[in-house]
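Structure file upload38.txt; described as compact mmCIF, C-alpha atoms.
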# COMPACT_ATOMS: atom_id res chain seq x y z
CA MET U 1 -28.42 -55.83 -77.10
CA LYS U 2 -30.57 -52.91 -78.11
CA LYS U 3 -31.54 -52.36 -74.52
CA ILE U 4 -27.94 -52.41 -73.42
CA THR U 5 -27.07 -49.84 -76.06
CA ILE U 6 -29.87 -47.55 -74.90
CA ILE U 7 -28.82 -47.81 -71.27
CA LEU U 8 -25.17 -46.99 -72.09
CA SER U 9 -26.26 -44.01 -74.16
CA ILE U 10 -28.34 -42.68 -71.29
CA ILE U 11 -25.43 -43.10 -68.84
CA LEU U 12 -23.06 -41.33 -71.21
CA ALA U 13 -25.51 -38.51 -71.75
CA PHE U 14 -25.85 -37.94 -67.98
CA GLN U 15 -22.07 -37.91 -67.52
CA THR U 16 -21.68 -35.30 -70.28
CA ALA U 17 -24.42 -33.15 -68.74
CA ASP U 18 -22.71 -33.36 -65.35
CA ILE U 19 -19.35 -32.16 -66.77
CA LYS U 20 -21.05 -29.18 -68.44
CA ALA U 21 -22.73 -28.15 -65.17
CA GLN U 22 -19.34 -28.01 -63.31
CA ALA U 23 -17.71 -25.67 -65.93
CA THR U 24 -19.66 -22.58 -64.79
CA ASP U 25 -18.12 -20.98 -61.70
CA SER U 26 -17.23 -17.41 -60.64
CA GLU U 27 -14.82 -15.62 -58.25
CA VAL U 28 -14.43 -11.98 -57.24
CA VAL U 29 -11.15 -10.05 -57.46
CA ASN U 30 -11.19 -6.98 -55.23
CA PHE U 31 -9.20 -3.91 -56.36
CA THR U 32 -8.41 -1.14 -53.95
CA ALA U 33 -7.05 2.13 -55.46
CA ILE U 34 -5.19 4.06 -52.76
CA LEU U 35 -4.53 7.72 -53.58
CA ALA U 36 -1.97 8.56 -50.90
CA SER U 37 -0.88 12.14 -50.47
CA VAL U 38 2.31 13.31 -52.16
CA LEU U 39 4.34 16.31 -50.99
CA ASN U 40 7.78 16.94 -52.41
CA LEU U 41 10.01 20.01 -52.41
CA ASN U 42 13.04 19.88 -54.65
CA VAL U 43 15.81 22.44 -54.93
CA THR U 44 16.90 21.55 -58.45
CA SER U 45 19.78 24.04 -58.69
CA GLY U 46 21.45 26.85 -56.82
CA GLN U 47 21.55 25.14 -53.45
CA ASN U 48 24.75 27.02 -52.56
CA GLN U 49 24.98 30.78 -53.02
CA THR U 50 27.94 33.12 -52.49
CA ALA U 51 27.85 36.91 -52.21
CA THR U 52 31.25 38.58 -52.42
CA PHE U 53 31.64 42.22 -51.39
CA ASP U 54 34.90 43.55 -52.78
CA THR U 55 34.20 47.02 -54.20
CA PRO U 56 32.88 50.23 -52.66
CA ASP U 57 29.80 50.10 -54.89
CA LEU U 58 28.88 46.67 -53.59
CA TYR U 59 29.29 47.83 -50.00
CA ASN U 60 27.23 50.95 -50.78
CA LEU U 61 24.50 49.55 -53.00
CA GLY U 62 24.60 45.80 -52.42
CA ILE U 63 24.54 42.91 -54.86
CA ASP U 64 21.41 42.85 -57.00
CA ALA U 65 21.78 39.30 -58.28
CA VAL U 66 23.62 36.98 -55.91
CA GLY U 67 22.19 33.95 -57.69
CA THR U 68 19.06 31.91 -58.25
CA SER U 69 17.77 28.75 -56.63
CA THR U 70 15.27 26.81 -58.69
CA VAL U 71 12.66 24.89 -56.75
CA THR U 72 9.79 22.60 -57.68
CA MET U 73 6.91 21.30 -55.63
CA GLU U 74 4.90 18.13 -56.21
CA SER U 75 1.78 18.00 -54.13
CA THR U 76 -1.59 16.33 -54.20
CA ALA U 77 -2.89 19.05 -51.92
CA ASN U 78 -2.63 22.80 -51.95
CA TRP U 79 0.52 24.04 -50.28
CA THR U 80 2.46 26.98 -48.86
CA LEU U 81 6.18 27.74 -48.87
CA GLU U 82 7.72 29.54 -45.90
CA ILE U 83 11.27 30.75 -45.39
CA ASN U 84 13.57 31.59 -42.48
CA ALA U 85 17.28 31.67 -41.66
CA ALA U 86 19.62 32.45 -38.80
CA ASP U 87 21.86 35.52 -38.97
CA PHE U 88 25.05 35.10 -40.97
CA SER U 89 27.89 34.06 -38.69
CA ASP U 90 31.67 34.11 -39.13
CA GLY U 91 31.97 31.17 -36.79
CA ALA U 92 33.03 33.46 -33.97
CA ALA U 93 31.10 36.35 -32.46
CA ALA U 94 30.54 38.50 -35.53
CA ILE U 95 27.25 38.38 -37.41
CA ILE U 96 25.53 39.95 -40.38
CA PRO U 97 21.80 40.52 -39.72
CA ILE U 98 19.89 38.11 -41.91
CA ASP U 99 17.59 40.81 -43.27
CA ASN U 100 20.51 41.93 -45.42
CA LEU U 101 19.63 38.87 -47.48
CA GLY U 102 16.64 39.31 -49.76
CA VAL U 103 14.67 36.98 -51.99
CA TRP U 104 12.06 37.40 -54.70
CA CYS U 105 10.09 34.88 -56.78
CA GLU U 106 9.40 34.09 -60.41
CA ALA U 107 7.03 31.35 -61.55
CA THR U 108 8.41 29.26 -64.40
CA GLY U 109 5.83 26.47 -64.38
CA ALA U 110 2.20 26.30 -65.43
CA HIS U 111 1.03 27.78 -62.16
CA THR U 112 1.38 31.54 -62.24
CA ILE U 113 1.70 34.12 -59.50
CA GLY U 114 -1.62 35.88 -59.03
CA THR U 115 -3.73 32.90 -60.03
CA GLU U 116 -2.85 29.44 -58.72
CA VAL U 117 -0.25 30.86 -56.31
CA THR U 118 0.34 34.19 -54.63
CA CYS U 119 3.64 35.86 -53.78
CA ALA U 120 4.11 39.43 -52.61
CA TYR U 121 7.77 39.54 -53.64
CA THR U 122 8.00 39.43 -57.42
CA SER U 123 10.76 41.91 -58.22
CA LEU U 124 14.09 43.11 -56.91
CA GLY U 125 12.45 46.31 -55.71
CA THR U 126 9.96 44.41 -53.57
CA ALA U 127 12.36 41.75 -52.29
CA MET U 128 11.59 40.13 -48.95
CA GLY U 129 14.19 40.57 -46.24
CA VAL U 130 14.72 37.12 -44.75
CA THR U 131 14.13 36.91 -41.00
CA ASN U 132 14.90 34.47 -38.21
CA THR U 133 11.26 33.41 -38.04
CA ASP U 134 9.14 31.90 -40.80
CA GLN U 135 7.64 34.25 -43.38
CA MET U 136 5.21 33.26 -46.12
CA LEU U 137 7.02 33.31 -49.44
CA ILE U 138 4.54 31.54 -51.73
CA ASP U 139 0.93 30.94 -50.76
CA ASN U 140 -1.99 29.08 -52.27
CA GLY U 141 -4.11 31.06 -54.71
CA THR U 142 -6.92 29.43 -56.61
CA GLY U 143 -5.45 25.98 -55.98
CA ASN U 144 -1.81 25.10 -56.41
CA GLY U 145 -1.73 21.33 -56.05
CA GLY U 146 0.13 19.81 -58.97
CA ASP U 147 3.34 18.33 -60.21
CA ALA U 148 6.76 19.83 -60.86
CA SER U 149 5.72 21.13 -64.27
CA ASP U 150 2.98 23.12 -62.55
CA ASN U 151 4.95 24.31 -59.54
CA ALA U 152 8.37 25.51 -60.69
CA PHE U 153 9.87 28.71 -59.31
CA ASN U 154 13.03 30.75 -59.35
CA LEU U 155 14.06 32.14 -55.99
CA ASN U 156 16.29 35.11 -56.78
CA TRP U 157 18.72 36.12 -54.03
CA THR U 158 19.96 39.65 -53.38
CA MET U 159 22.11 41.03 -50.58
CA GLY U 160 22.72 44.46 -49.07
CA THR U 161 20.46 46.22 -51.59
CA MET U 162 18.07 47.72 -49.01
CA ASN U 163 15.03 46.83 -51.15
CA GLY U 164 11.54 45.94 -49.99
CA SER U 165 11.58 44.72 -46.40
CA MET U 166 15.36 44.29 -46.34
CA ASN U 167 17.70 46.03 -43.90
CA THR U 168 17.64 49.75 -44.70
CA ALA U 169 21.30 50.41 -43.87
CA SER U 170 24.09 49.83 -46.36
CA MET U 171 26.77 47.25 -45.63
CA PHE U 172 29.21 50.16 -45.27
CA ASP U 173 27.01 51.81 -42.64
CA GLN U 174 26.65 48.55 -40.74
CA LEU U 175 30.42 48.08 -40.76
CA SER U 176 30.85 51.65 -39.60
CA ASP U 177 28.34 51.47 -36.74
CA GLY U 178 29.67 48.12 -35.57
CA THR U 179 26.60 46.03 -36.45
CA ILE U 180 29.00 44.02 -38.57
CA ALA U 181 32.04 43.79 -36.35
CA ASN U 182 34.63 42.68 -38.86
CA LEU U 183 35.35 41.49 -42.37
CA GLY U 184 35.61 37.83 -43.30
CA THR U 185 33.50 34.95 -44.52
CA PHE U 186 30.03 34.58 -43.06
CA THR U 187 27.58 31.74 -43.63
CA THR U 188 23.97 30.88 -43.00
CA THR U 189 21.47 28.21 -43.92
CA VAL U 190 18.16 29.26 -45.39
CA ASN U 191 15.28 26.94 -44.52
CA LEU U 192 12.43 26.46 -46.98
CA THR U 193 9.38 24.74 -45.52
CA LEU U 194 6.71 23.30 -47.78
CA THR U 195 3.43 22.61 -45.97
CA ALA U 196 0.41 20.77 -47.37
CA LEU U 197 -2.82 22.52 -46.60
CA PRO U 198 -5.58 20.38 -45.06
CA MET E 1 -23.96 -22.63 -56.97
CA ILE E 2 -21.54 -20.79 -54.64
CA LYS E 3 -22.21 -20.82 -50.99
CA ILE E 4 -20.86 -18.02 -48.75
CA THR E 5 -20.20 -19.26 -45.31
CA THR E 6 -19.98 -17.12 -42.17
CA PHE E 7 -16.20 -17.56 -42.22
CA ASP E 8 -15.97 -16.13 -45.78
CA ALA E 9 -18.09 -13.14 -44.76
CA MET E 10 -15.74 -12.39 -41.84
CA VAL E 11 -12.68 -12.59 -44.12
CA ASN E 12 -14.27 -10.14 -46.61
CA TYR E 13 -15.23 -7.79 -43.78
CA SER E 14 -11.66 -7.81 -42.43
CA LYS E 15 -10.28 -7.03 -45.90
CA GLN E 16 -12.63 -4.07 -46.25
CA LEU E 17 -11.66 -2.78 -42.80
CA LEU E 18 -7.97 -3.01 -43.75
CA SER E 19 -8.60 -1.08 -46.99
CA LEU E 20 -10.44 1.64 -45.11
CA ALA E 21 -7.62 1.86 -42.59
CA ILE E 22 -5.04 2.31 -45.37
CA ILE E 23 -7.15 5.01 -47.06
CA PHE E 24 -7.70 6.76 -43.74
CA ALA E 25 -3.96 6.69 -43.01
CA GLY E 26 -3.37 8.26 -46.41
CA LEU E 27 -5.84 11.05 -45.65
CA VAL E 28 -4.33 11.74 -42.26
CA ALA E 29 -0.85 11.97 -43.80
CA THR E 30 -1.77 15.09 -45.84
CA ALA E 31 -0.96 17.44 -42.93
CA GLN E 32 2.77 17.21 -43.53
CA LYS E 33 5.76 19.48 -43.96
CA ILE E 34 8.97 19.20 -45.90
CA ASP E 35 12.09 21.25 -45.22
CA MET E 36 14.89 22.02 -47.68
CA GLU E 37 18.02 24.02 -47.03
CA THR E 38 20.01 26.48 -49.10
CA ARG E 39 23.45 27.54 -47.93
CA VAL E 40 24.40 31.19 -48.42
CA GLU E 41 27.91 32.52 -47.92
CA ALA E 42 28.80 36.22 -47.68
CA ARG E 43 32.42 37.22 -48.16
CA LEU E 44 33.31 40.69 -46.91
CA GLU E 45 36.65 41.59 -48.40
CA SER E 46 38.85 44.55 -47.55
CA VAL E 47 38.48 47.77 -49.54
CA LEU E 48 40.70 50.86 -49.23
CA ILE E 49 40.27 53.32 -52.09
CA LEU E 50 41.18 56.96 -52.65
CA ASN E 51 39.15 58.65 -55.37
CA ILE E 52 41.01 61.65 -56.74
CA ASP E 53 41.91 63.13 -60.09
CA PRO E 54 45.30 61.55 -60.81
CA ASN E 55 46.37 64.66 -62.71
CA ALA E 56 45.67 67.00 -59.82
CA LYS E 57 48.47 69.51 -59.27
CA ILE E 58 49.06 72.87 -57.70
CA GLU E 59 49.22 75.57 -60.35
CA PHE E 60 49.05 79.33 -59.90
CA GLY E 61 49.91 82.44 -61.87
CA ILE E 62 51.71 85.58 -60.65
CA LYS E 63 52.25 88.89 -62.34
CA GLU E 64 54.30 91.84 -61.00
CA ILE E 65 52.23 94.98 -61.36
CA ASN E 66 54.63 97.34 -59.70
CA ASP E 67 57.65 97.10 -57.42
CA ASN E 68 56.79 94.51 -54.82
CA LEU E 69 53.20 94.57 -55.90
CA TYR E 70 52.02 91.32 -57.36
CA GLN E 71 48.77 90.15 -58.76
CA ILE E 72 47.65 86.56 -58.58
CA THR E 73 46.51 85.80 -62.12
CA LYS E 74 45.47 82.24 -61.36
CA ASP E 75 44.56 80.64 -58.06
CA PRO E 76 45.34 76.96 -57.49
CA ASP E 77 42.35 74.73 -58.10
CA ASP E 78 40.65 73.00 -55.20
CA VAL E 79 40.98 69.23 -55.20
CA ASN E 80 37.98 67.09 -54.45
CA PHE E 81 38.64 63.63 -53.16
CA SER E 82 36.85 60.85 -51.32
CA ILE E 83 37.81 57.71 -49.46
CA GLU E 84 36.02 54.37 -49.46
CA SER E 85 37.22 51.96 -46.86
CA THR E 86 36.01 48.92 -44.96
CA GLY E 87 38.57 49.66 -42.25
CA SER E 88 39.72 52.77 -40.44
CA TRP E 89 42.29 54.92 -42.23
CA ASN E 90 44.70 57.85 -41.96
CA LEU E 91 45.65 60.34 -44.65
CA SER E 92 48.79 62.37 -45.12
CA ILE E 93 50.00 64.99 -47.61
CA SER E 94 53.44 65.90 -48.85
CA ALA E 95 54.97 67.89 -51.71
CA THR E 96 56.79 66.03 -54.48
CA LYS E 97 59.53 68.70 -54.63
CA PRO E 98 60.70 71.46 -52.27
CA TYR E 99 59.77 74.19 -54.74
CA PHE E 100 57.32 75.30 -57.42
CA SER E 101 58.77 75.64 -60.91
CA GLY E 102 57.85 78.20 -63.55
CA ILE E 103 56.00 76.72 -66.48
CA ASN E 104 57.48 79.05 -69.10
CA ASP E 105 60.82 79.49 -67.37
CA THR E 106 61.64 76.35 -65.44
CA SER E 107 64.65 78.00 -63.84
CA GLN E 108 62.24 80.11 -61.80
CA LYS E 109 61.52 78.52 -58.43
CA ILE E 110 59.41 79.41 -55.42
CA PRO E 111 59.74 77.51 -52.12
CA ILE E 112 56.98 74.97 -51.60
CA ASP E 113 55.78 76.50 -48.33
CA PHE E 114 54.67 79.51 -50.34
CA ILE E 115 51.39 77.62 -50.44
CA GLY E 116 49.45 76.31 -47.52
CA TYR E 117 46.37 74.12 -47.41
CA TYR E 118 43.46 72.92 -45.37
CA ILE E 119 40.96 70.12 -45.83
CA GLU E 120 37.26 70.82 -45.69
CA ASN E 121 35.03 67.92 -44.73
CA LYS E 122 32.01 67.38 -46.97
CA GLY E 123 31.10 63.87 -45.81
CA THR E 124 28.88 62.55 -43.05
CA ASN E 125 31.79 61.29 -40.93
CA TRP E 126 32.53 64.04 -38.41
CA ASP E 127 36.00 65.59 -38.27
CA ASN E 128 35.71 67.07 -34.81
CA GLY E 129 38.74 65.44 -33.26
CA LEU E 130 39.85 62.08 -31.93
CA PHE E 131 36.56 61.48 -30.14
CA SER E 132 34.61 61.85 -33.38
CA ASN E 133 35.12 59.94 -36.64
CA ILE E 134 38.13 61.90 -37.86
CA ALA E 135 40.72 64.16 -36.30
CA ASN E 136 41.40 66.86 -38.91
CA LYS E 137 44.67 68.63 -38.14
CA SER E 138 43.90 71.32 -40.70
CA LYS E 139 40.54 72.19 -39.25
CA ASP E 140 40.55 75.96 -38.67
CA THR E 141 44.27 75.95 -39.44
CA LEU E 142 46.31 76.61 -42.55
CA LEU E 143 49.14 74.11 -42.80
CA PRO E 144 52.23 74.86 -44.88
CA LEU E 145 52.99 72.41 -47.65
CA ARG E 146 56.16 70.40 -46.94
CA THR E 147 58.09 67.63 -48.57
CA GLU E 148 57.82 65.63 -45.36
CA GLU E 149 54.71 63.52 -45.02
CA THR E 150 52.25 65.24 -42.72
CA MET E 151 49.37 63.23 -41.34
CA ILE E 152 46.31 65.42 -41.71
CA LEU E 153 43.26 63.19 -41.27
CA ILE E 154 43.46 60.62 -38.51
CA ASN E 155 41.04 57.90 -37.54
CA GLY E 156 38.92 58.87 -34.54
CA ARG E 157 37.38 56.86 -31.75
CA ARG E 158 34.10 56.54 -33.63
CA ASN E 159 36.07 55.15 -36.63
CA ASN E 160 36.00 56.52 -40.15
CA ILE E 161 34.88 53.46 -42.07
CA GLY E 162 32.54 54.21 -44.92
CA GLY E 163 32.00 55.12 -48.53
CA ALA E 164 32.29 58.33 -50.48
CA LYS E 165 29.24 59.90 -48.89
CA ASN E 166 30.83 59.37 -45.48
CA ASN E 167 34.35 60.40 -46.45
CA SER E 168 34.19 63.26 -48.91
CA PHE E 169 36.65 66.17 -48.76
CA VAL E 170 37.93 69.25 -50.53
CA LEU E 171 41.61 70.13 -50.38
CA ARG E 172 41.88 73.91 -50.63
CA TRP E 173 45.14 75.77 -51.34
CA LYS E 174 45.89 79.15 -49.95
CA PHE E 175 48.87 81.50 -50.22
CA ILE E 176 50.62 81.52 -46.90
CA TYR E 177 51.57 85.17 -47.17
CA GLU E 178 47.90 86.07 -46.97
CA ASP E 179 47.90 84.99 -43.34
CA GLU E 180 51.45 85.54 -42.24
CA LEU E 181 53.11 88.95 -42.44
CA THR E 182 56.58 87.45 -42.19
CA LYS E 183 55.86 85.37 -45.25
CA MET E 184 54.73 88.46 -47.10
CA LYS E 185 58.12 90.05 -46.52
CA GLU E 186 59.85 86.88 -47.62
CA PHE E 187 57.65 86.78 -50.68
CA SER E 188 58.65 90.29 -51.71
CA ASN E 189 62.32 89.27 -51.48
CA PHE E 190 61.91 86.48 -54.00
CA LYS E 191 61.79 88.82 -56.95
CA ILE E 192 59.34 86.51 -58.60
CA LYS E 193 59.06 86.77 -62.34
CA ASP E 194 55.75 86.78 -64.12
CA ASP E 195 54.84 83.20 -64.88
CA TYR E 196 52.62 80.28 -64.06
CA TYR E 197 54.11 78.03 -61.42
CA VAL E 198 53.40 74.37 -60.83
CA GLY E 199 54.12 71.84 -58.12
CA GLY E 200 53.05 68.33 -57.29
CA PHE E 201 51.87 66.68 -54.13
CA TYR E 202 51.28 63.24 -52.75
CA ILE E 203 48.20 62.13 -50.87
CA THR E 204 48.89 58.94 -48.97
CA LEU E 205 46.02 56.84 -47.66
CA SER E 206 46.92 54.15 -45.16
CA GLU E 207 45.12 51.67 -42.97
CA SER E 208 44.80 52.79 -39.37
CA PHE E 209 46.07 50.47 -36.69
CA THR E 210 44.63 52.37 -33.79
CA PRO E 211 42.68 50.11 -31.45
CA TYR E 212 39.44 52.03 -32.01
CA LYS E 213 38.26 49.74 -34.75

Mind converting the file's structure to structure tokens?
Amino acid sequence: MKKITIILSIILAFQTADIKAQATDSEVVNFTAILASVLNLNVTSGQNQTATFDTPDLYNLGIDAVGTSTVTMESTANWTLEINAADFSDGAAAIIPIDNLGVWCEATGAHTIGTEVTCAYTSLGTAMGVTNTDQMLIDNGTGNGGDASDNAFNLNWTMGTMNGSMNTASMFDQLSDGTIANLGTFTTTVNLTLTALP
Amino acid sequence: MIKITTFDAMVNYSKQLLSLAIIFAGLVATAQKIDMETRVEARLESVLILNIDPNAKIEFGIKEINDNLYQITKDPDDVNFSIESTGSWNLSISATKPYFSGINDTSQKIPIDFIGYYIENKGTNWDNGLFSNIANKSKDTLLPLRTEETMILINGRRNNIGGAKNNSFVLRWKFIYEDELTKMKEFSNFKIKDDYYVGGFYITLSESFTPYK
């Protein structure tokens, strides 16, 4: 009986040892963090602007403040913002040269003009006359990648004011010399192009 | 003990290749552009404005020094005016009444054509006739004031659209008798009493419908 007891104890001990050996195992979980590029341009307000000329002063001196478009950029890379537009059209043959439309920038986010970004048009007096081909409006400075709180700007529109690189003739003069053939409602679409720098 | 078979190694290698491909695709995608549009509308509305002192009038003073010898004690004031217009225009002048009335003695009257006028151009729009910006009928000519509307400035072929710097004028009054001897004789027959005399005039600005512009 004693022998039987010893044998059973040995068998039981081996079984227990075997179970403990199988409890240690390991597996590997692989994580891959993908940092894909992000590039977003948002016009958060002022997507439609209207300039109404209805007094002699406006025809002579233009409209200083047509309105403001607010834009934000979200980018993992540095970026540039370019601008162009076709001439204003009345839907028929008459046009208003697009350089009668001017724009100038204000930074409202953490990135400021002169440091993270550059812009040569920062006041009404230095407004950029919009052209049919792309012009650099906001360029990279010391590094302008960031989110919307970093890259927030006001684009201030002006028309017929003859400032900066805008058309140097008044709206009156352009009506008189036939550049603008008639009165009426003219429209254009301004294109803003955000490009990520490599 | 874990054994890694050849098959497991190939699976792991494939997974790593896939990860690299995804990361590479992400890097390549950085050279991208985004366009946004803003619509701008310009409304050019019609403007036709005459800038003139609303109290402008013709006032002059006369004093008899001797028989048939009069002295002008006050000349009528010149009238500056300008026109601002997005379209071509015409301008006419007429007297409000057929006579000037004495200020102190309203029963005293002098016929309105006692005074003549001409318009001097001070703006950049030329007034050299119908082939220029404006045809000025009073250019080099003294026109008698009348109650009938007389068109003085007429839109020319080059059109007279513009603001005040383009369309700026001075209306100058002149006594007709100074130029016409017959009027001088007529003048002496009036037996004008010493007084200041006043008369009114209309300036009418209208849109031109000539085909020039």

field: Residue among U:Asp173, U:Asp134, U:Asp147, U:Asp139 lying closest to chain E, counting all atoms listed in the file
entry: U:Asp173

Closest atom pairs, chain U residues within 8 Å of chain E, all atoms listed in the file, as a tab-separated table:
residue	atom	partner	partner_atom	distance
U:Asp25	CA	E:Met1	CA	7.7
U:Thr32	CA	E:Ser19	CA	7.0
U:Ile34	CA	E:Ile23	CA	6.1
U:Leu35	CA	E:Gly26	CA	7.3
U:Ala36	CA	E:Gly26	CA	4.7
U:Ser37	CA	E:Thr30	CA	5.6
U:Val38	CA	E:Thr30	CA	7.7
U:Leu39	CA	E:Ile34	CA	7.5
U:Asn40	CA	E:Ile34	CA	7.0
U:Leu41	CA	E:Ile34	CA	6.6
U:Asn42	CA	E:Met36	CA	7.5
U:Val43	CA	E:Met36	CA	7.3
U:Gly46	CA	E:Thr38	CA	7.9
U:Gln47	CA	E:Thr38	CA	4.8
U:Asn48	CA	E:Arg39	CA	4.8
U:Gln49	CA	E:Val40	CA	4.7
U:Thr50	CA	E:Glu41	CA	4.6
U:Ala51	CA	E:Ala42	CA	4.7
U:Thr52	CA	E:Arg43	CA	4.6
U:Phe53	CA	E:Leu44	CA	5.0
U:Asp54	CA	E:Glu45	CA	5.1
U:Thr55	CA	E:Val47	CA	6.4
U:Pro56	CA	E:Glu84	CA	6.1
U:Tyr59	CA	E:Gly163	CA	7.9
U:Asn60	CA	E:Gly163	CA	6.7
U:Ala77	CA	E:Thr30	CA	7.3
U:Phe88	CA	E:Ala42	CA	7.8
U:Phe172	CA	E:Gly162	CA	5.3
U:Asp173	CA	E:Gly162	CA	6.4
U:Leu175	CA	E:Thr86	CA	7.0
U:Ser176	CA	E:Ile161	CA	5.1
U:Leu183	CA	E:Leu44	CA	5.0
U:Gly184	CA	E:Leu44	CA	5.1
U:Thr185	CA	E:Arg43	CA	4.4
U:Phe186	CA	E:Ala42	CA	5.1
U:Thr187	CA	E:Glu41	CA	4.4
U:Thr188	CA	E:Val40	CA	5.4
U:Thr189	CA	E:Arg39	CA	4.5
U:Val190	CA	E:Thr38	CA	5.0
U:Asn191	CA	E:Glu37	CA	4.7
U:Leu192	CA	E:Met36	CA	5.1
U:Thr193	CA	E:Asp35	CA	4.4
U:Leu194	CA	E:Ile34	CA	5.0
U:Thr195	CA	E:Lys33	CA	4.4
U:Ala196	CA	E:Ala31	CA	5.7
U:Leu197	CA	E:Ala31	CA	6.5
U:Pro198	CA	E:Ala31	CA	5.9

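Counting from atom CA of Thr147 of chain E, the distance to atom CA of Asp75 of chain E is 21.0 Å.
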
- prompt: Given the choices E:Phe131, E:Tyr202, E:Phe190, E:Phe81, which gets closest to Gly156 of chain E if the distance is worked out from all atoms listed in the file?
  reply: E:Phe131

- prompt: If we count only C-alpha atoms, what is near segment 125-129 of chain U at a cut-off of 7 Å, once residues fewer than 3 positions away on the same chain are taken out, given as a VMD selection string?
  reply: chain U and resid 99 to 104 121 to 122 163 to 167

message: Distance cut-off 10 Å, centre (44.3, 83.0, -58.1) in file coordinates, counting all atoms listed in the file: which residues qualify? Return them as a list in words.
response: Glu59, Phe60, Gly61, Ile62, Gln71, Ile72, Thr73, Lys74, Asp75, Pro76, Asp77, Trp173, Lys174 and Phe175 of chain E

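The coordinates place atom CA of Leu58 of chain U at 27.8 Å from atom CA of Ala107 of chain U.
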
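Counting from atom CA of Thr158 of chain U, the distance to atom CA of Thr115 of chain U is 25.5 Å.
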
message: When you look at Thr150 of chain E with a cut-off of 8 Å (counting only C-alpha atoms), what residues show up, excluding the ones that are within fewer than 5 positions of it in the same chain? I need them as a PyMOL selection string.
response: chain E and resi 92-94

- request: Please provide as number ranges by chain all residues within 10 Å of Pro97 of chain U, with the sequence filter that same-chain residues fewer than 6 positions apart are discarded (counting all atoms listed in the file).
  value: U: 86-89, 130-132, 166-167, 174, 179-180

Expected answer as a PyMOL selection string: all residues with atoms within 8 Å of (62.1, 84.0, -59.1), only C-alpha atoms: chain E and resi 108-110+190-193

Mind dumping the selected residues with C-alpha atoms as a short mmCIF file (atom, residue, chain, number, x, y, z; two decimals), keeping the file's coordinate frame?
data_model
loop_
_atom_site.label_atom_id
_atom_site.label_comp_id
_atom_site.auth_asym_id
_atom_site.auth_seq_id
_atom_site.Cartn_x
_atom_site.Cartn_y
_atom_site.Cartn_z
CA GLN E 108 62.24 80.11 -61.80
CA LYS E 109 61.52 78.52 -58.43
CA ILE E 110 59.41 79.41 -55.42
CA PHE E 190 61.91 86.48 -54.00
CA LYS E 191 61.79 88.82 -56.95
CA ILE E 192 59.34 86.51 -58.60
CA LYS E 193 59.06 86.77 -62.34
#

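Using only C-alpha atoms for every distance, the candidate list E:Phe114, E:Tyr99, E:Phe169, E:Tyr196 yields E:Phe169 as the residue closest to Trp126 of chain E.
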
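Within the 8 Å cut-off around Lys122 of chain E, using only C-alpha atoms and omitting residues fewer than 4 positions from it on the same chain, the listed residues are Asn167, Ser168, Phe169 and Val170 of chain E.
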
- request: Choose the residue, out of E:Arg172, E:Lys63, E:Lys137, E:Arg146, that has the smallest atom-to-atom separation from Gly199 of chain E; count only C-alpha atoms.
  value: E:Arg146

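Nearest residue to Glu148 of chain E among E:Ile176, E:Ile203, E:Val198, E:Leu130 is E:Ile203, counting all atoms listed in the file.
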
Repaired coordinates for segment 148-157 of chain E (N, CA and C atoms) as an mmCIF file, in the coordinates of the input:
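The new file out_19.cif reads:
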data_model
loop_
_atom_site.group_PDB
_atom_site.id
_atom_site.type_symbol
_atom_site.label_atom_id
_atom_site.label_comp_id
_atom_site.auth_asym_id
_atom_site.auth_seq_id
_atom_site.Cartn_x
_atom_site.Cartn_y
_atom_site.Cartn_z
ATOM 1 N N GLU E 148 57.990 66.724 -46.334
ATOM 2 C CA GLU E 148 57.820 65.630 -45.360
ATOM 3 C C GLU E 148 56.329 65.266 -45.299
ATOM 4 N N GLU E 149 56.104 63.990 -45.127
ATOM 5 C CA GLU E 149 54.710 63.520 -45.020
ATOM 6 C C GLU E 149 54.079 64.062 -43.735
ATOM 7 N N THR E 150 52.950 64.712 -43.901
ATOM 8 C CA THR E 150 52.250 65.240 -42.720
ATOM 9 C C THR E 150 50.894 64.562 -42.630
ATOM 10 N N MET E 151 50.664 63.905 -41.504
ATOM 11 C CA MET E 151 49.370 63.230 -41.340
ATOM 12 C C MET E 151 48.311 64.278 -41.001
ATOM 13 N N ILE E 152 47.314 64.361 -41.853
ATOM 14 C CA ILE E 152 46.310 65.420 -41.710
ATOM 15 C C ILE E 152 45.000 64.879 -41.156
ATOM 16 N N LEU E 153 44.531 63.794 -41.718
ATOM 17 C CA LEU E 153 43.260 63.190 -41.270
ATOM 18 C C LEU E 153 43.582 61.877 -40.562
ATOM 19 N N ILE E 154 43.118 61.789 -39.337
ATOM 20 C CA ILE E 154 43.460 60.620 -38.510
ATOM 21 C C ILE E 154 42.174 59.961 -38.012
ATOM 22 N N ASN E 155 42.195 58.663 -38.017
ATOM 23 C CA ASN E 155 41.040 57.900 -37.540
ATOM 24 C C ASN E 155 40.671 58.288 -36.107
ATOM 25 N N GLY E 156 39.375 58.529 -35.881
ATOM 26 C CA GLY E 156 38.920 58.870 -34.540
ATOM 27 C C GLY E 156 38.331 57.699 -33.807
ATOM 28 N N ARG E 157 37.905 57.951 -32.585
ATOM 29 C CA ARG E 157 37.380 56.860 -31.750
ATOM 30 C C ARG E 157 36.106 56.263 -32.318
#
